[in-house]
Amino acid sequence: MAILVWDKVGERTYQTGVDRGVLYLQNGSGIAWNGITSVEETSTVEIKSFYLDGVKYLDNVLPGDFSGKLKAFTYPEEFDELNGVISASDGLLFYDQPSKSFNLSYRTRVGNDLDGADHGYKIHLLYNLVADPDTVTFNTLTDKTLNPIEFSWTLSGTPPRTGKYRPTVHVSIDSTDTPLETLQGLEDILYGSADSDPYFPSMSELLDLFASLGSLVIVDNNDGTWKAIDVSDNYITMINPTTFQIDNANVVYLDVTTYQISTTNPD
């Protein structure tokens, strides 16, 4: 028989802090976002109650959609265009122009009673966002204090398909549970590496990455190009800075000069 035990050493965990914000533009490029002060995550879950003869007999929980609030002291200048502020010429800005969607990633820290805030972290991915700027108030300066303005935006998004799961805008990755090879592979994608620029993974690419630990993952960019992700560093060898070799891949030759390559399952 098992007896419940509370407050075991190392099991008193908590979440705190936000860092490593990255803005991803529509062209796929990632830009470090300095100055984020908070990210508020909410969901529009709806509970519909049913009654029979004046007595509640059922609560039907309807899944909601992501909404949130982002606050920052500053933001990348590229974020202006996403919010409908267009540079017509050097120094000349036009407001109230059409806004654009974007992707966002950030980390929240996970702490416990042994390691403090360095115990781990969660990487949050937000897909297909649009931002609605909140009211900004500029107050007069005083000779005693300087109070920087904190900008804020209300966030909403259009969820991409997730296969067997309900479409969602918000996904997180817990470093304390994720295999190290997979976590490193994801961070190389999100933050860049010596061999690649940072970019935001599609939902299908993210699922492939987690489902194919130890595999060579092939991603079709749907523009006539493809990329290969070698999380375990077992398949791809760089021959020189612009030439690579892939070993042990799933390849079907269509003719002498054309082949089809697909994700390789590990042995």
# chains A, B, ... in the order shown; residues from 1 in each chain; ligands from 1
>>> residues_around(residues="stretch 121-129 of chain A", least_positions_apart="3", cutoff="7 Å", atoms="only C-alpha atoms", output="ChimeraX atom specification")
/A:101-110,155-159,169-175
>>> select_by_dssp(residues="stretch 55-118 of chain A", states="strand (DSSP E)", output="ChimeraX atom specification")
/A:55-62,66-72,86-89,92-94,102-112,116-118
>>> closest_atom_pairs(of="stretch 137-202 of chain A", to="stretch 20-31 of chain A", cutoff="8 Å", atoms="only C-alpha atoms", output="CSV")
residue,atom,partner,partner_atom,distance
A:Leu190,CA,A:Gly30,CA,7.6
A:Tyr191,CA,A:Gly30,CA,7.6
A:Asp197,CA,A:Ser29,CA,7.6
A:Pro198,CA,A:Gly30,CA,5.4
A:Tyr199,CA,A:Ser29,CA,5.4
A:Phe200,CA,A:Gly28,CA,6.4
>>> closest_residue(among="A:Glu150, A:Gln245, A:Thr162, A:Thr168", to="A:Glu205", atoms="only C-alpha atoms")
A:Thr162
>>> select_by_dssp(residues="stretch 50-223 of chain A", states="helix (DSSP H, G or I)", output="number ranges by chain")
A: 78-82, 180-191, 203-211
>>> write_last_selection(atoms="C-alpha atoms", output="compact mmCIF listing (two decimals), in the first residue's frame")
# COMPACT_ATOMS: atom_id res chain seq x y z
CA GLU A 78 10.11 45.65 -36.85
CA PHE A 79 7.13 45.27 -34.50
CA ASP A 80 5.83 48.68 -35.56
CA GLU A 81 4.93 47.45 -39.04
CA LEU A 82 3.09 44.45 -37.57
CA LEU A 180 18.13 16.86 -24.00
CA GLU A 181 18.70 16.12 -27.68
CA THR A 182 15.19 17.24 -28.59
CA LEU A 183 15.41 20.34 -26.40
CA GLN A 184 18.75 21.33 -27.96
CA GLY A 185 17.36 20.74 -31.44
CA LEU A 186 14.37 22.97 -30.71
CA GLU A 187 16.51 25.74 -29.22
CA ASP A 188 18.80 25.64 -32.27
CA ILE A 189 15.70 26.22 -34.39
CA LEU A 190 14.25 29.00 -32.23
CA TYR A 191 17.45 30.85 -31.32
CA MET A 203 3.18 22.87 -35.82
CA SER A 204 3.83 19.78 -37.95
CA GLU A 205 7.59 20.33 -37.70
CA LEU A 206 7.32 20.63 -33.92
CA LEU A 207 5.35 17.39 -33.69
CA ASP A 208 7.84 15.61 -35.97
CA LEU A 209 10.72 16.80 -33.80
CA PHE A 210 9.21 15.31 -30.65
CA ALA A 211 7.96 12.14 -32.31
>>> residues_around(residues="stretch 257-266 of chain A", least_positions_apart="2", cutoff="10 Å", atoms="only C-alpha atoms", output="short mmCIF file (atom, residue, chain, number, x, y, z; two decimals) with C-alpha atoms, in the first residue's frame")
data_model
loop_
_atom_site.label_atom_id
_atom_site.label_comp_id
_atom_site.auth_asym_id
_atom_site.auth_seq_id
_atom_site.Cartn_x
_atom_site.Cartn_y
_atom_site.Cartn_z
CA ASP A 208 7.84 15.61 -35.97
CA ALA A 211 7.96 12.14 -32.31
CA SER A 212 11.26 11.37 -34.01
CA LEU A 213 13.88 11.43 -31.27
CA GLY A 214 17.07 10.08 -32.79
CA SER A 215 15.69 10.49 -36.32
CA LEU A 216 16.64 12.58 -39.29
CA VAL A 217 13.60 14.86 -39.74
CA ILE A 218 12.87 16.14 -43.25
CA VAL A 219 10.65 19.24 -43.52
CA ASP A 220 9.03 20.33 -46.79
CA TRP A 226 13.36 21.44 -47.91
CA ALA A 228 16.87 18.45 -42.69
CA ILE A 229 16.99 18.43 -38.87
CA TYR A 235 23.10 11.76 -40.07
CA ASN A 248 21.51 6.48 -43.70
CA ALA A 249 18.54 8.49 -44.98
CA ASN A 250 15.29 7.18 -46.44
CA VAL A 251 15.85 7.86 -50.15
CA VAL A 252 13.95 6.69 -53.21
CA TYR A 253 15.61 7.44 -56.56
CA LEU A 254 13.07 8.68 -59.12
CA ASP A 255 15.65 8.86 -61.90
#
>>> closest_residue(among="A:Ser43, A:Asn240, A:Asn147, A:Asn34", to="A:Pro76", atoms="only C-alpha atoms")
A:Asn34
>>> residues_around(residues="A:Gly35", least_positions_apart="4", cutoff="6 Å", atoms="only C-alpha atoms", output="PyMOL selection string")
chain A and resi 72-74
>>> residues_around(residues="A:Val39", least_positions_apart="6", cutoff="8 Å", atoms="only C-alpha atoms", output="PyMOL selection string")
chain A and resi 18+68-71
